[in-house]
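Engineer: query.txt is the file, holding compact mmCIF, C-alpha atoms:
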```txt
# COMPACT_ATOMS: atom_id res chain seq x y z
CA MET A 193 43.38 -20.76 56.96
CA LYS A 194 44.86 -18.37 54.43
CA THR A 195 44.83 -19.38 50.78
CA ALA A 196 46.76 -17.57 48.07
CA VAL A 197 46.72 -17.64 44.28
CA LEU A 198 49.92 -16.55 42.59
CA LEU A 199 49.42 -15.02 39.15
CA SER A 200 52.76 -14.45 37.50
CA TYR A 201 51.41 -12.08 34.86
CA LYS A 202 51.88 -8.35 34.45
CA GLY A 203 48.97 -7.50 32.16
CA LEU A 204 45.58 -6.72 33.63
CA GLY A 205 43.90 -8.79 30.92
CA SER A 206 46.05 -11.86 31.62
CA ASN A 207 45.15 -11.58 35.30
CA LEU A 208 41.43 -11.16 34.65
CA LEU A 209 41.53 -14.19 32.39
CA HIS A 210 42.37 -16.21 35.52
CA LEU A 211 39.57 -14.78 37.67
CA SER A 212 37.25 -17.75 37.20
CA TYR A 213 39.91 -20.07 38.67
CA CYS A 214 40.44 -17.75 41.64
CA HIS A 215 36.69 -17.86 42.25
CA GLN A 216 36.65 -21.66 42.01
CA ILE A 217 39.46 -21.92 44.57
CA ALA A 218 37.63 -19.43 46.82
CA LYS A 219 34.51 -21.58 46.62
CA LYS A 220 36.41 -24.42 48.26
CA TYR A 221 38.84 -22.55 50.55
CA GLY A 222 37.09 -19.24 51.25
CA PRO A 223 38.16 -15.78 50.04
CA VAL A 224 41.65 -15.86 48.53
CA THR A 225 44.66 -13.59 48.55
CA ILE A 226 45.90 -12.90 45.03
CA ILE A 227 49.62 -12.27 44.62
CA THR A 228 50.23 -10.69 41.25
CA LEU A 229 52.81 -8.86 39.14
CA CYS A 230 50.00 -6.57 37.92
CA GLU A 231 50.09 -3.13 39.49
CA ASN A 232 46.42 -2.24 39.12
CA LEU A 233 44.54 -5.51 39.61
CA ASN A 234 43.51 -4.34 43.08
CA GLN A 235 41.47 -1.55 41.46
CA VAL A 236 39.27 -4.17 39.78
CA LEU A 237 38.89 -6.62 42.63
CA THR A 238 38.74 -4.60 45.85
CA LYS A 239 34.99 -5.13 46.27
CA ASP A 240 34.92 -8.76 45.14
CA PRO A 241 33.71 -10.78 48.17
CA GLN A 242 35.66 -13.84 47.02
CA ILE A 243 38.95 -11.94 47.03
CA LYS A 244 40.39 -11.21 50.45
CA GLU A 245 43.21 -8.98 49.22
CA VAL A 246 45.39 -8.32 46.22
CA VAL A 247 49.11 -8.18 46.90
CA TYR A 248 51.31 -6.55 44.28
CA LEU A 249 54.67 -8.24 43.84
CA ASN A 250 56.91 -5.68 42.17
CA LYS A 251 60.28 -7.28 42.92
CA TYR A 252 61.96 -10.60 43.58
CA PHE A 253 60.59 -12.33 40.50
CA LYS A 254 63.32 -11.82 37.91
CA LYS A 255 66.53 -13.46 39.12
CA PHE A 256 66.91 -16.94 40.55
CA THR A 257 68.95 -15.46 43.41
CA ASP A 258 65.86 -13.50 44.49
CA ILE A 259 64.46 -16.76 45.78
CA PHE A 260 65.34 -16.02 49.42
CA ASN A 261 63.84 -12.55 49.31
CA LEU A 262 60.79 -14.03 47.67
CA SER A 263 60.48 -16.68 50.36
CA ASN A 264 60.70 -13.98 53.07
CA PHE A 265 58.03 -12.01 51.23
CA LEU A 266 55.74 -15.07 51.12
CA ALA A 267 56.49 -16.02 54.74
CA GLU A 268 55.34 -12.58 55.89
CA LEU A 269 51.95 -13.20 54.30
CA ASN A 270 51.33 -16.23 56.59
CA ILE A 271 49.88 -18.38 53.87
CA ASP A 272 48.69 -21.96 54.47
CA ASN A 273 47.87 -22.91 50.87
CA ILE A 274 49.26 -21.54 47.63
CA PHE A 275 48.22 -22.19 44.04
CA ILE A 276 50.87 -21.06 41.56
CA PHE A 277 49.41 -20.48 38.11
CA TYR A 278 52.74 -20.64 36.31
CA PRO A 279 55.43 -23.30 35.75
CA SER A 280 57.93 -21.53 38.00
CA ILE A 281 60.58 -23.44 39.93
CA ARG A 282 61.52 -20.16 41.63
CA PHE A 283 58.03 -19.58 43.05
CA PHE A 284 57.71 -23.25 44.03
CA VAL A 285 61.04 -23.35 45.91
CA ALA A 286 60.38 -19.97 47.54
CA SER A 287 57.02 -21.31 48.76
CA LYS A 288 58.75 -24.38 50.20
CA LEU A 289 61.34 -22.18 51.94
CA ALA A 290 58.51 -20.02 53.31
CA LYS A 291 57.16 -23.21 54.90
CA ILE A 292 53.81 -22.99 53.17
CA LYS A 293 52.08 -26.28 53.97
CA TYR A 294 50.15 -26.94 50.79
CA ILE A 295 51.74 -25.91 47.49
CA LYS A 296 50.35 -26.61 44.05
CA CYS A 297 52.12 -25.40 40.93
CA TYR A 298 51.87 -25.88 37.14
CA PRO A 299 54.04 -28.76 35.88
CA PHE A 300 57.57 -27.50 35.14
CA PHE A 301 58.08 -29.50 31.96
CA MET B 2 51.21 -22.50 26.63
CA HIS B 3 47.47 -21.89 26.04
CA LEU B 4 46.73 -19.80 29.14
CA VAL B 5 43.10 -20.81 29.46
CA ASN B 6 43.55 -24.55 28.88
CA ALA B 7 46.52 -24.66 31.27
CA ALA B 8 44.63 -22.80 34.02
CA ARG B 9 41.46 -24.86 33.57
CA ARG B 10 43.29 -28.21 33.65
CA PHE B 11 45.33 -27.14 36.68
CA THR B 12 42.25 -25.99 38.61
CA GLU B 13 40.31 -29.15 37.78
CA LYS B 14 43.24 -31.26 38.98
CA VAL B 15 43.96 -29.44 42.24
CA LEU B 16 40.30 -29.06 43.21
CA ASP B 17 39.32 -32.47 41.87
CA ILE B 18 36.45 -31.06 39.85
CA GLU B 19 35.22 -31.53 36.30
CA ASN B 20 34.25 -28.94 33.71
CA CYS B 21 35.71 -25.96 35.53
CA PRO B 22 34.09 -22.80 34.10
CA THR B 23 36.50 -20.62 32.16
CA GLU B 24 34.61 -17.40 32.78
CA THR B 25 33.08 -15.78 35.81
CA ARG B 26 31.38 -12.51 36.70
CA ILE B 27 33.29 -9.44 37.77
CA PHE B 28 31.82 -8.02 40.96
CA ILE B 29 30.89 -4.35 40.69
CA ASP B 30 29.83 -2.23 43.61
CA LYS B 31 26.29 -0.83 43.27
CA THR B 32 27.29 2.71 44.27
CA GLU B 33 30.03 2.80 41.65
CA LYS B 34 27.59 1.46 39.09
CA ASP B 35 25.08 4.19 39.96
CA ILE B 36 27.76 6.86 39.49
CA ALA B 37 28.79 5.36 36.14
CA SER B 38 25.18 5.13 34.97
CA LYS B 39 25.04 8.94 34.87
CA LYS B 40 27.54 8.89 31.99
CA ILE B 41 25.54 6.36 29.97
CA ILE B 42 23.23 7.84 27.36
CA ASN B 43 20.15 5.66 27.39
CA SER B 44 18.75 6.90 24.11
CA LYS B 45 21.90 5.67 22.29
CA LYS B 46 23.89 2.50 21.91
CA ASN B 47 26.88 2.91 24.19
CA VAL B 48 30.08 1.45 22.80
CA ILE B 49 33.35 0.97 24.63
CA LEU B 50 35.95 1.45 21.93
CA GLY B 51 39.18 -0.19 23.04
CA ILE B 52 41.61 2.00 21.14
CA GLY B 53 44.55 1.44 23.49
CA SER B 54 46.47 -1.70 24.35
CA SER B 55 49.71 -2.83 25.91
CA GLY B 56 51.69 -2.63 22.67
CA PRO B 57 51.53 -0.79 19.32
CA THR B 58 51.32 -4.00 17.26
CA THR B 59 47.94 -4.93 18.74
CA ARG B 60 46.33 -1.59 17.80
CA TRP B 61 43.90 -1.21 14.94
CA GLY B 62 44.78 2.47 14.67
CA SER B 63 42.99 5.82 14.91
CA LYS B 64 42.24 5.96 11.17
CA ASN B 65 40.21 2.74 11.26
CA TYR B 66 38.40 3.77 14.44
CA ILE B 67 37.51 7.16 12.96
CA ASN B 68 36.08 5.50 9.86
CA LEU B 69 34.15 3.01 11.98
CA ILE B 70 32.64 5.73 14.18
CA LYS B 71 31.62 7.82 11.15
CA LYS B 72 30.02 4.82 9.46
CA LEU B 73 28.11 3.82 12.60
CA ILE B 74 26.73 7.25 13.43
CA GLU B 75 25.50 7.62 9.87
CA LYS B 76 23.18 4.65 10.49
CA LYS B 77 22.16 4.78 14.16
CA ASP B 78 22.51 6.72 17.41
CA PHE B 79 25.75 5.66 19.06
CA PHE B 80 27.95 7.04 21.83
CA PHE B 81 31.59 5.98 22.10
CA PHE B 82 33.79 5.78 25.19
CA LEU B 83 37.39 5.80 24.02
CA LEU B 84 39.23 3.37 26.26
CA CYS B 85 42.94 4.08 26.52
CA GLY B 86 45.59 4.87 29.10
CA PRO B 87 47.00 8.34 29.84
CA ASN B 88 50.06 7.54 27.70
CA GLU B 89 47.79 6.75 24.75
CA LYS B 90 45.95 10.06 24.89
CA ASP B 91 47.31 10.98 21.44
CA ILE B 92 45.21 8.19 19.85
CA ALA B 93 42.07 9.53 21.55
CA ASP B 94 42.97 13.10 20.55
CA LYS B 95 43.28 12.11 16.88
CA ILE B 96 39.79 10.59 17.02
CA LEU B 97 38.27 13.53 18.92
CA LYS B 98 39.71 15.89 16.31
CA GLU B 99 37.80 14.12 13.54
CA VAL B 100 34.58 13.19 15.32
CA ASP B 101 32.04 15.50 16.93
CA LYS B 102 32.47 15.45 20.74
CA ASN B 103 28.74 14.84 21.08
CA TYR B 104 29.43 11.32 19.94
CA CYS B 105 32.39 10.34 22.07
CA MET B 106 34.48 10.94 25.14
CA SER B 107 37.95 9.78 26.12
CA LEU B 108 38.55 7.73 29.26
CA ASP B 109 42.29 8.41 29.28
CA ASN B 110 42.10 10.41 32.51
CA LYS B 111 39.83 8.02 34.39
CA LYS B 112 40.91 5.53 37.02
CA ILE B 113 40.43 1.83 36.31
CA SER B 114 38.01 1.68 39.24
CA GLU B 115 35.84 4.30 37.46
CA ILE B 116 36.11 2.59 34.07
CA ILE B 117 35.06 -0.91 35.17
CA PRO B 118 31.44 -0.01 36.11
CA LEU B 119 31.12 2.02 32.93
CA ILE B 120 32.14 -0.98 30.83
CA SER B 121 29.61 -3.11 32.70
CA LEU B 122 26.81 -0.76 31.61
CA ALA B 123 27.77 -0.47 27.94
CA ASP B 124 26.01 -2.27 25.10
CA ILE B 125 29.16 -3.63 23.49
CA TYR B 126 32.99 -3.58 23.57
CA VAL B 127 34.81 -3.20 20.28
CA GLY B 128 38.53 -2.90 20.08
CA ASN B 129 42.07 -4.11 20.42
CA ASP B 130 43.09 -6.88 22.75
CA SER B 131 43.05 -4.86 25.96
CA PHE B 132 41.81 -5.38 29.52
CA GLY B 133 38.47 -3.86 28.48
CA HIS B 134 37.30 -6.96 26.65
CA HIS B 135 38.14 -9.18 29.63
CA VAL B 136 35.99 -6.94 31.81
CA ALA B 137 33.17 -6.62 29.28
CA SER B 138 32.90 -10.30 28.47
CA GLN B 139 32.84 -11.19 32.19
CA CYS B 140 30.12 -8.57 32.72
CA ASN B 141 28.04 -10.40 30.12
CA ILE B 142 28.60 -7.69 27.50
CA PRO B 143 29.39 -8.82 23.94
CA SER B 144 32.98 -8.08 23.02
CA ILE B 145 34.44 -7.80 19.56
CA ILE B 146 38.20 -8.28 19.68
CA ILE B 147 40.32 -7.15 16.77
CA MET B 148 43.10 -9.73 16.64
CA LEU B 149 46.33 -8.59 15.06
CA ASP B 150 49.02 -9.78 17.39
CA THR B 151 47.51 -11.81 20.21
CA PRO B 152 47.22 -15.57 20.69
CA ARG B 153 43.68 -16.93 20.59
CA ALA B 154 43.82 -17.96 24.27
CA TYR B 155 43.15 -14.38 25.34
CA SER B 156 39.75 -14.43 23.65
CA ASP B 157 38.99 -18.10 23.98
CA TYR B 158 37.15 -18.45 27.24
CA SER B 159 33.87 -16.54 27.20
CA VAL B 160 30.67 -16.93 25.21
CA ASN B 161 30.68 -13.13 24.96
CA GLN B 162 33.97 -12.94 23.05
CA PHE B 163 33.88 -12.56 19.27
CA ARG B 164 37.17 -12.39 17.38
CA ILE B 165 37.74 -10.55 14.16
CA LEU B 166 40.80 -11.78 12.31
CA PRO B 167 42.81 -10.46 9.39
CA GLU B 168 41.39 -11.53 6.02
CA GLY B 169 42.30 -15.13 5.20
CA VAL B 170 44.07 -15.76 8.54
CA ASN B 171 43.21 -18.67 10.81
CA GLU B 172 42.79 -17.96 14.54
CA ASN B 173 45.52 -20.50 15.30
CA ASP B 174 47.99 -18.52 13.22
CA VAL B 175 47.88 -15.32 15.28
CA PHE B 176 50.55 -15.04 18.00
CA HIS B 177 52.45 -12.41 19.92
CA ASP B 178 54.65 -10.79 17.25
CA SER B 179 52.43 -11.88 14.33
CA ASN B 180 52.35 -8.20 13.58
CA PHE B 181 49.53 -8.24 11.00
CA SER B 182 48.90 -4.85 9.42
CA PRO B 183 45.85 -3.04 10.90
CA ASP B 184 44.50 -2.66 7.37
CA THR B 185 44.09 -6.42 7.00
CA ILE B 186 40.89 -6.01 9.03
CA LYS B 187 38.37 -3.92 7.16
CA VAL B 188 36.09 -1.38 8.82
CA GLU B 189 33.11 -2.90 6.97
CA LYS B 190 33.69 -6.27 8.61
CA VAL B 191 33.72 -4.76 12.13
CA PHE B 192 30.70 -2.60 11.28
CA LYS B 193 28.66 -5.64 10.17
CA LYS B 194 29.61 -7.59 13.28
CA ILE B 195 28.48 -4.75 15.56
CA PHE B 196 25.13 -4.51 13.81
CA SER B 197 24.63 -8.24 13.95
CA LEU B 198 25.51 -8.55 17.66
CA LEU B 199 23.35 -5.58 18.62
CA LYS B 200 20.56 -6.91 16.38
CA LEU B 201 20.16 -3.54 14.65
```
Written as structure tokens, how would this file's structure read?
Structural biologist:
Amino acid sequence: MKTAVLLSYKGLGSNLLHLSYCHQIAKKYGPVTIITLCENLNQVLTKDPQIKEVVYLNKYFKKFTDIFNLSNFLAELNIDNIFIFYPSIRFFVASKLAKIKYIKCYPFF
Amino acid sequence: MHLVNAARRFTEKVLDIENCPTETRIFIDKTEKDIASKKIINSKKNVILGIGSSGPTTRWGSKNYINLIKKLIEKKDFFFFLLCGPNEKDIADKILKEVDKNYCMSLDNKKISEIIPLISLADIYVGNDSFGHHVASQCNIPSIIIMLDTPRAYSDYSVNQFRILPEGVNENDVFHDSNFSPDTIKVEKVFKKIFSLLKL
């Protein structure tokens, strides 16, 4: 079972601020895949045993019309569970379209 | 949105847990730590000076850092690692021009993967709101964060985080774009905080 955490933040600090929550999710589901907008997060977490991989998302997150590309991107990762740490309708719908079984996202409003 | 509160509440809800910890420990490979330890000067207090940051409005400025370094080395043996990116090399150069190189080195040309273990071995982080304080605080290293233009959430989740605010300003009144002048935080205040945290 593959579990992903989506961090919709570009800054390394903003991503590291969420590390405790990634670790908590990994405690329950096993090592997680982090999908992030931060280019260099992988340099910090490559050796972390609770992080399976860090995937850098450098496109498909700006326009609503990117939703289909984003869903294809997520589908290719073969994720079973996704935790979206951001109130993003785009990420939520893209996850649905990617047929991810278990999707949890921040409240939109 | 308070990033920490939102993330904690969300995690507690989806995992059905209570009191989700807001901080963790950053995992650092032993070999990388051994390599970094060769740069640490054991006879001195090793300070990570976070002189860079993602934007100019969060920076305390080279002048203040120069004055802080000079004041500290007058009192005790310190060594400073100047933490900044390659595009912020000019800030490090200004400091290196004024301070003897025996007291500091710039990390502008180092990879993040080389910097992380170094931070984990330092005695303290002092500087702008930059990734360095997130690493330091989650490596159990005390971190002094100079808050000029950053919401409190970024330094609100670890027992190792200590904020220094502009004179007379409440922590709830600092946001992105607050744009407080660097001179509203005095060198003396940062100096005293370092000495108190390091118990010197």
Engineer: When you draw a straight line from atom CA of Glu99 of chain B to atom CA of Ile67 of chain B, how long is it in Å?
Structural biologist: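 These two atoms are separated by 7.0 Å.
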Engineer: List the neighbours of Leu204 of chain A out to 7 Å using all atoms listed in the file; skip same-chain residues closer than 3 positions along the sequence, and give me the result as a PDB file with C-alpha atoms, in the frame of the given file.
Structural biologist:
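For reference, selection-v3.pdb as written:
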```
ATOM      1  CA  ASN A 207      45.150 -11.580  35.300  1.00  0.00           C
ATOM      2  CA  LEU A 208      41.430 -11.160  34.650  1.00  0.00           C
ATOM      3  CA  CYS A 230      50.000  -6.570  37.920  1.00  0.00           C
ATOM      4  CA  LEU A 233      44.540  -5.510  39.610  1.00  0.00           C
TER       5      LEU A 233
ATOM      6  CA  PHE B 132      41.810  -5.380  29.520  1.00  0.00           C
TER       7      PHE B 132
END
```
Engineer: Please check which residues have atoms at most 12 Å from (36.7, 12.1, 14.7) in the file's coordinates, counting all atoms listed in the file, and write them as an mmCIF file with C-alpha atoms, in the coordinates of the input.
Structural biologist:
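The new file part20.cif reads:
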```
data_model
loop_
_atom_site.group_PDB
_atom_site.id
_atom_site.type_symbol
_atom_site.label_atom_id
_atom_site.label_comp_id
_atom_site.auth_asym_id
_atom_site.auth_seq_id
_atom_site.Cartn_x
_atom_site.Cartn_y
_atom_site.Cartn_z
ATOM 1 C CA SER B 63 42.990 5.820 14.910
ATOM 2 C CA LYS B 64 42.240 5.960 11.170
ATOM 3 C CA ASN B 65 40.210 2.740 11.260
ATOM 4 C CA TYR B 66 38.400 3.770 14.440
ATOM 5 C CA ILE B 67 37.510 7.160 12.960
ATOM 6 C CA ASN B 68 36.080 5.500 9.860
ATOM 7 C CA LEU B 69 34.150 3.010 11.980
ATOM 8 C CA ILE B 70 32.640 5.730 14.180
ATOM 9 C CA LYS B 71 31.620 7.820 11.150
ATOM 10 C CA LYS B 72 30.020 4.820 9.460
ATOM 11 C CA ILE B 74 26.730 7.250 13.430
ATOM 12 C CA PHE B 81 31.590 5.980 22.100
ATOM 13 C CA LEU B 83 37.390 5.800 24.020
ATOM 14 C CA ILE B 92 45.210 8.190 19.850
ATOM 15 C CA ALA B 93 42.070 9.530 21.550
ATOM 16 C CA ASP B 94 42.970 13.100 20.550
ATOM 17 C CA LYS B 95 43.280 12.110 16.880
ATOM 18 C CA ILE B 96 39.790 10.590 17.020
ATOM 19 C CA LEU B 97 38.270 13.530 18.920
ATOM 20 C CA LYS B 98 39.710 15.890 16.310
ATOM 21 C CA GLU B 99 37.800 14.120 13.540
ATOM 22 C CA VAL B 100 34.580 13.190 15.320
ATOM 23 C CA ASP B 101 32.040 15.500 16.930
ATOM 24 C CA LYS B 102 32.470 15.450 20.740
ATOM 25 C CA ASN B 103 28.740 14.840 21.080
ATOM 26 C CA TYR B 104 29.430 11.320 19.940
ATOM 27 C CA CYS B 105 32.390 10.340 22.070
ATOM 28 C CA MET B 106 34.480 10.940 25.140
ATOM 29 C CA SER B 107 37.950 9.780 26.120
#
```
Engineer: Check every residue of chain B for an atom within 9 Å of chain A, counting only C-alpha atoms, and provide those that qualify as a ChimeraX atom specification.
Structural biologist: /B:4-5,7-9,11-12,15-16,21-30,55,112-114,117,130-136,139,155-156,158
Engineer: Do you have the atom CA of Val175 of chain B-atom CA of Met2 of chain B distance handy?
Structural biologist: 13.8 Å
Engineer: Measure the distance from atom CA of Ser197 of chain B to atom CA of Ala37 of chain B in Å and round it to one decimal.
Structural biologist: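 Straight-line distance from atom CA of Ser197 of chain B to atom CA of Ala37 of chain B works out to 26.4 Å.
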Engineer: Might you pull out every residue within 7 Å of Cys85 of chain B, with all atoms listed in the file counted and same-chain residues fewer than 3 positions away left off, and present them as a list of chain:residue names?
Structural biologist: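 Here the qualifying residues turn out to be B:Gly51, B:Ile52, B:Gly53, B:Glu89, B:Lys90, B:Leu108, B:Asp109.
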Engineer: What's around Leu262 of chain A at 10 Å? Count only C-alpha atoms, leave out sequence neighbours fewer than 6 positions away in its own chain, and write the answer as a list of chain:residue names.
Structural biologist: A:Leu249, A:Lys251, A:Tyr252, A:Phe253, A:Phe256, A:Glu268, A:Arg282, A:Phe283, A:Val285, A:Ala286, A:Ser287, A:Leu289, A:Ala290
Engineer: I need the residue nearest Ala218 of chain A from this list: A:Ile259, A:Ile274, A:Leu266, A:Ile292. Use all atoms listed in the file for the distance.
Structural biologist: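 Checking each of A:Ile259, A:Ile274, A:Leu266, A:Ile292 against Ala218 of chain A, counting all atoms listed in the file, the winner is A:Ile274.
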Engineer: With N, CA and C atoms as the goal, would you fill in the gaps in segment 87-109 of chain B and present it as an mmCIF file, in the frame of the given file?
Structural biologist:
```cif
data_model
loop_
_atom_site.group_PDB
_atom_site.id
_atom_site.type_symbol
_atom_site.label_atom_id
_atom_site.label_comp_id
_atom_site.auth_asym_id
_atom_site.auth_seq_id
_atom_site.Cartn_x
_atom_site.Cartn_y
_atom_site.Cartn_z
ATOM 1 N N PRO B 87 46.539 6.950 29.961
ATOM 2 C CA PRO B 87 47.000 8.340 29.840
ATOM 3 C C PRO B 87 48.131 8.500 28.819
ATOM 4 N N ASN B 88 48.954 7.454 28.672
ATOM 5 C CA ASN B 88 50.060 7.540 27.700
ATOM 6 C C ASN B 88 49.624 7.235 26.270
ATOM 7 N N GLU B 89 48.318 6.983 26.102
ATOM 8 C CA GLU B 89 47.790 6.750 24.750
ATOM 9 C C GLU B 89 46.800 7.851 24.360
ATOM 10 N N LYS B 90 46.875 8.946 25.094
ATOM 11 C CA LYS B 90 45.950 10.060 24.890
ATOM 12 C C LYS B 90 45.990 10.566 23.438
ATOM 13 N N ASP B 91 47.168 10.477 22.816
ATOM 14 C CA ASP B 91 47.310 10.980 21.440
ATOM 15 C C ASP B 91 46.365 10.242 20.475
ATOM 16 N N ILE B 92 46.124 8.949 20.736
ATOM 17 C CA ILE B 92 45.210 8.190 19.850
ATOM 18 C C ILE B 92 43.790 8.747 20.024
ATOM 19 N N ALA B 93 43.404 8.967 21.282
ATOM 20 C CA ALA B 93 42.070 9.530 21.550
ATOM 21 C C ALA B 93 41.955 10.930 20.948
ATOM 22 N N ASP B 94 43.014 11.723 21.076
ATOM 23 C CA ASP B 94 42.970 13.100 20.550
ATOM 24 C C ASP B 94 42.764 13.109 19.033
ATOM 25 N N LYS B 95 43.429 12.189 18.349
ATOM 26 C CA LYS B 95 43.280 12.110 16.880
ATOM 27 C C LYS B 95 41.813 11.828 16.523
ATOM 28 N N ILE B 96 41.197 10.945 17.294
ATOM 29 C CA ILE B 96 39.790 10.590 17.020
ATOM 30 C C ILE B 96 38.882 11.780 17.336
ATOM 31 N N LEU B 97 39.131 12.405 18.498
ATOM 32 C CA LEU B 97 38.270 13.530 18.920
ATOM 33 C C LEU B 97 38.380 14.724 17.963
ATOM 34 N N LYS B 98 39.499 14.807 17.280
ATOM 35 C CA LYS B 98 39.710 15.890 16.310
ATOM 36 C C LYS B 98 38.818 15.710 15.071
ATOM 37 N N GLU B 99 38.549 14.445 14.770
ATOM 38 C CA GLU B 99 37.800 14.120 13.540
ATOM 39 C C GLU B 99 36.315 13.880 13.784
ATOM 40 N N VAL B 100 35.975 13.560 15.027
ATOM 41 C CA VAL B 100 34.580 13.190 15.320
ATOM 42 C C VAL B 100 33.983 14.180 16.309
ATOM 43 N N ASP B 101 32.752 14.566 16.060
ATOM 44 C CA ASP B 101 32.040 15.500 16.930
ATOM 45 C C ASP B 101 32.047 14.974 18.387
ATOM 46 N N LYS B 102 32.379 15.867 19.325
ATOM 47 C CA LYS B 102 32.470 15.450 20.740
ATOM 48 C C LYS B 102 31.124 15.009 21.326
ATOM 49 N N ASN B 103 30.043 15.315 20.617
ATOM 50 C CA ASN B 103 28.740 14.840 21.080
ATOM 51 C C ASN B 103 28.599 13.328 20.926
ATOM 52 N N TYR B 104 29.521 12.759 20.188
ATOM 53 C CA TYR B 104 29.430 11.320 19.940
ATOM 54 C C TYR B 104 30.443 10.510 20.736
ATOM 55 N N CYS B 105 31.424 11.150 21.322
ATOM 56 C CA CYS B 105 32.390 10.340 22.070
ATOM 57 C C CYS B 105 33.128 11.117 23.151
ATOM 58 N N MET B 106 33.639 10.357 24.102
ATOM 59 C CA MET B 106 34.480 10.940 25.140
ATOM 60 C C MET B 106 35.651 10.002 25.436
ATOM 61 N N SER B 107 36.774 10.589 25.805
ATOM 62 C CA SER B 107 37.950 9.780 26.120
ATOM 63 C C SER B 107 37.967 9.402 27.595
ATOM 64 N N LEU B 108 38.429 8.197 27.871
ATOM 65 C CA LEU B 108 38.550 7.730 29.260
ATOM 66 C C LEU B 108 40.003 7.761 29.727
ATOM 67 N N ASP B 109 40.853 8.453 28.970
ATOM 68 C CA ASP B 109 42.290 8.410 29.280
ATOM 69 C C ASP B 109 42.638 8.931 30.672
#
```
